[in-house]
Amino acid sequence: MEKEPIVKVRNLVAAYGDLTVLKGVDLDIYPGESIAILGRSGCGKSTLLRHMIGLAKPKSGTVTIKGQEINSLNEDGKVELFKKIGMLFQSAALFNSMTVGDNVSFPLREHTSLEESTIQIMTKMKLDMVGLTGFDDFKPAQLSGGMKKRAGLARAISMDPEVLFCDEPSAGLDPVVAAGLDNLILKLKKAFKMTIVVVTHEMESVFTFADRIAMMHLGKILAVGTPEELKNSSDPIVQQFLNREPDKEEIDRDQYLKTILGS
Ligand SMILES: Nc1ncnc2c1ncn2[C@@H]1O[C@H](COP(=O)(O)OP(=O)(O)OP(=O)(O)O)[C@@H](O)[C@H]1O
Ligand SMILES: [Mg+2]
């Protein structure tokens with residue numbers, strides 16, 4: 001791809017106290033592509049997303065979005081840039097005291113001077129898109145886990161962002177709803193030419209919507225490429241992940257169980 005990246009991550013190092021989680025991450029994300037970020041639980045995927053949207057400050061390294069280095073922006077600059085970004089958090093992170101409708105319209109109320117009637121229409125459209133028609137007046141506590149995720153997605157896309165970051169959008173959802181979300185993400189990409197960055201463990205989803213996969217391991221990006229390229233990778237860690245093979249340690253555990261159960 002020859003285009004200029006819309007998101008550029010350079011030598012990003014991130015730590016929580018003494019624990020260094022990202023150890024020099026480099027990643028380019030191109031306009032209009034959908035990229036899946038894969039990696040073992042705890043390897044730093046959510047941490048990387050939080051740094052990419054400027055919610056956390058790196059120890060060193062940079063994140064550049066649309067040519068602007070996010071940590072060099074002042075507050076106004078950040079607000080302007082973040083209007084172009086949507087984020088679906090791993091936990092959905094809805095405001096519990098607000099209705100679903102108010103959650104979805106919150107970014108519009110905060111960042112635009114649209115008329116209330118327009119905001120209402122836009123909110124309804126986004127709720128329709130995620131299959132939550134008629135749930136405007138529900139509180140998050142009255143929704144199922146999957147519905148919360150979808151409401152979070154409706155909020156993330158309320159401003160029609162250029163880049164949408166999703167942290168495990170379909171984790172914990174039933175397969176039908178999960179497939180629906182994958183389709184929705186594909187639709188957003190096609191209809192709005194959105195750039196989409198998705199952290200996921202669902203391999204089926206990856207092969208449905210990802211143009212490219214970035215695989216994280218030990219605080220770095222181990223491999224980046226099209227699903228086809230990664231399938232053909234000779235790296236044993238990439239293969240273990242894509243083929244869902246258990247750790248050696250887990251195989252030993254299996255052996256142990258067989259020994260004590262005598263079969
Ligand atoms: N707020 C925090 N304070 C301290 N340590 C943290 C914090 N958030 C994450 N960590 C640590 O950083 C590491 C990476 O966490 P992160 O949430 O980025 O992983 P992940 O790849 O998203 O995992 P999962 O697939 O389970 O969501 C973990 O060891 C975790 O314990
Ligand atoms: Mg995570």
# chains A, B, ... in the order shown; residues from 1 in each chain; ligands from 1
>>> residues_near_ligand(ligand="ligand 2", cutoff="12 Å", atoms="only C-alpha atoms and all ligand atoms", output="PyMOL selection string")
chain A and resi 37-50+88-92+166-169+171+198-201
>>> residues_around(residues="A:Lys66", least_positions_apart="4", cutoff="8 Å", atoms="only C-alpha atoms", output="JSON, numbers by chain")
{"A": [5, 6, 7]}
>>> select_by_dssp(residues="stretch 60-119 of chain A", states="alpha helix (DSSP H)", output="list in words")
Glu75, Asp76, Gly77, Lys78, Val79, Glu80, Leu81, Phe82, Val100, Gly101, Asp102, Asn103, Val104, Ser105, Phe106, Pro107, Leu108, Arg109, Glu110, His111, Glu116, Ser117, Thr118 and Ile119 of chain A
>>> residues_around(residues="A:Phe95", least_positions_apart="3", cutoff="8 Å", atoms="only C-alpha atoms", output="JSON, numbers by chain")
{"A": [98, 103, 140]}
>>> closest_residue(among="A:Pro58, A:Gly172, A:Pro246, A:Gly67", to="A:Arg150", atoms="only C-alpha atoms")
A:Gly172
>>> closest_residue(among="A:Ser34, A:Ala93, A:Ala14, A:Met87", to="A:Lys57", atoms="only C-alpha atoms")
A:Ala14
>>> select_by_dssp(residues="stretch 64-215 of chain A", states="strand (DSSP E or B)", output="list in words")
Thr64, Ile65, Gln68, Glu69, Ile85, Gly86, Met87, Leu88, Val163, Leu164, Phe165, Cys166, Asp167, Thr195, Ile196, Val197, Val198, Val199, Arg212, Ile213, Ala214 and Met215 of chain A
>>> atom_distance(atom1="atom CA of A:Arg10", atom2="atom CA of A:Ser170")
28.4 Å
>>> closest_residue(among="A:Asp174, A:Asp211, A:Asp136, A:Asp18", to="ligand 1", atoms="only C-alpha atoms and all ligand atoms")
A:Asp18
>>> closest_residue(among="A:Met159, A:Val21, A:Ile121, A:Met129", to="ligand 1", atoms="only C-alpha atoms and all ligand atoms")
A:Val21
>>> closest_residue(among="A:Lys83, A:Gly180, A:Asp128, A:Gly61", to="A:Leu22", atoms="only C-alpha atoms")
A:Gly61
>>> closest_residue(among="A:Leu173, A:Leu94, A:Leu12, A:Val163", to="A:Phe82", atoms="only C-alpha atoms")
A:Val163
>>> residues_around(residues="A:Thr226", least_positions_apart="5", cutoff="8 Å", atoms="only C-alpha atoms", output="compact mmCIF listing (two decimals) with N, CA and C atoms, in the first residue's frame")
# COMPACT_ATOMS: atom_id res chain seq x y z
N ALA A 210 -11.05 -8.53 8.17
CA ALA A 210 -9.74 -7.87 8.23
C ALA A 210 -9.03 -7.87 6.88
N ASP A 211 -8.59 -6.68 6.46
CA ASP A 211 -7.71 -6.60 5.29
C ASP A 211 -6.31 -7.05 5.70
N ARG A 212 -5.95 -6.67 6.93
CA ARG A 212 -4.64 -7.07 7.45
C ARG A 212 -4.76 -7.45 8.91
N ILE A 213 -3.79 -8.19 9.36
CA ILE A 213 -3.71 -8.62 10.76
C ILE A 213 -2.38 -8.13 11.32
>>> atom_distance(atom1="atom CA of A:Leu188", atom2="atom CA of A:Gly86")
12.1 Å
>>> atom_distance(atom1="atom 15 (O, counted along the ligand's line) of ligand 1", atom2="atom CA of A:Met147")
24.5 Å
>>> residues_around(residues="A:Val224", least_positions_apart="6", cutoff="10 Å", atoms="only C-alpha atoms", output="ChimeraX atom specification")
/A:27-28,35-37,212-216,230
>>> write_last_selection(atoms="N, CA and C atoms", output="short mmCIF file (atom, residue, chain, number, x, y, z; two decimals), in the first residue's frame")
data_model
loop_
_atom_site.label_atom_id
_atom_site.label_comp_id
_atom_site.auth_asym_id
_atom_site.auth_seq_id
_atom_site.Cartn_x
_atom_site.Cartn_y
_atom_site.Cartn_z
N LEU A 27 3.60 0.53 14.05
CA LEU A 27 2.45 0.07 13.27
C LEU A 27 1.95 1.20 12.39
N ASP A 28 1.65 0.87 11.13
CA ASP A 28 1.04 1.83 10.21
C ASP A 28 -0.35 1.34 9.87
N ILE A 35 -8.08 -3.40 10.09
CA ILE A 35 -6.95 -4.16 10.59
C ILE A 35 -7.32 -4.80 11.92
N ALA A 36 -7.00 -6.06 12.06
CA ALA A 36 -7.28 -6.77 13.30
C ALA A 36 -6.00 -6.87 14.11
N ILE A 37 -6.10 -6.57 15.39
CA ILE A 37 -4.94 -6.72 16.27
C ILE A 37 -5.16 -7.98 17.11
N ARG A 212 -5.95 -6.67 6.93
CA ARG A 212 -4.64 -7.07 7.45
C ARG A 212 -4.76 -7.45 8.91
N ILE A 213 -3.79 -8.19 9.36
CA ILE A 213 -3.71 -8.62 10.76
C ILE A 213 -2.38 -8.13 11.32
N ALA A 214 -2.42 -7.60 12.54
CA ALA A 214 -1.17 -7.30 13.24
C ALA A 214 -1.13 -8.18 14.47
N MET A 215 -0.10 -8.99 14.59
CA MET A 215 -0.05 -9.89 15.74
C MET A 215 0.96 -9.39 16.76
N MET A 216 0.48 -9.23 18.00
CA MET A 216 1.36 -8.74 19.06
C MET A 216 1.92 -9.90 19.86
N LEU A 230 -0.37 -14.18 6.70
CA LEU A 230 -0.10 -14.73 8.03
C LEU A 230 -0.33 -16.23 8.10
#
>>> residues_around(residues="A:Leu242", least_positions_apart="3", cutoff="9 Å", atoms="only C-alpha atoms", output="list in words")
Met203, Leu230, Lys231, Ile237, Val238, Gln239 and Glu245 of chain A
>>> write_last_selection(atoms="N, CA and C atoms", output="PDB file, in the first residue's frame")
ATOM      1  N   MET A 203     -11.303 -15.668  15.559  1.00  0.00           N
ATOM      2  CA  MET A 203     -10.613 -15.867  14.287  1.00  0.00           C
ATOM      3  C   MET A 203     -11.567 -15.785  13.104  1.00  0.00           C
ATOM      4  N   LEU A 230      -0.370 -14.184   6.702  1.00  0.00           N
ATOM      5  CA  LEU A 230      -0.098 -14.726   8.033  1.00  0.00           C
ATOM      6  C   LEU A 230      -0.331 -16.232   8.100  1.00  0.00           C
ATOM      7  N   LYS A 231      -1.332 -16.691   7.347  1.00  0.00           N
ATOM      8  CA  LYS A 231      -1.581 -18.141   7.305  1.00  0.00           C
ATOM      9  C   LYS A 231      -0.361 -18.865   6.773  1.00  0.00           C
ATOM     10  N   ILE A 237       4.961 -18.958  16.401  1.00  0.00           N
ATOM     11  CA  ILE A 237       4.005 -18.296  17.307  1.00  0.00           C
ATOM     12  C   ILE A 237       2.772 -17.849  16.531  1.00  0.00           C
ATOM     13  N   VAL A 238       2.995 -17.348  15.328  1.00  0.00           N
ATOM     14  CA  VAL A 238       1.868 -16.961  14.461  1.00  0.00           C
ATOM     15  C   VAL A 238       1.022 -18.203  14.174  1.00  0.00           C
ATOM     16  N   GLN A 239       1.674 -19.289  13.836  1.00  0.00           N
ATOM     17  CA  GLN A 239       0.956 -20.527  13.512  1.00  0.00           C
ATOM     18  C   GLN A 239       0.190 -21.059  14.724  1.00  0.00           C
ATOM     19  N   GLU A 245      -3.539 -23.611  18.825  1.00  0.00           N
ATOM     20  CA  GLU A 245      -2.885 -24.731  19.516  1.00  0.00           C
ATOM     21  C   GLU A 245      -2.619 -24.319  20.958  1.00  0.00           C
TER      22      GLU A 245
END
>>> residues_around(residues="stretch 69-75 of chain A", least_positions_apart="3", cutoff="10 Å", atoms="only C-alpha atoms", output="PyMOL selection string")
chain A and resi 7-9+51-58+61-66+78-82
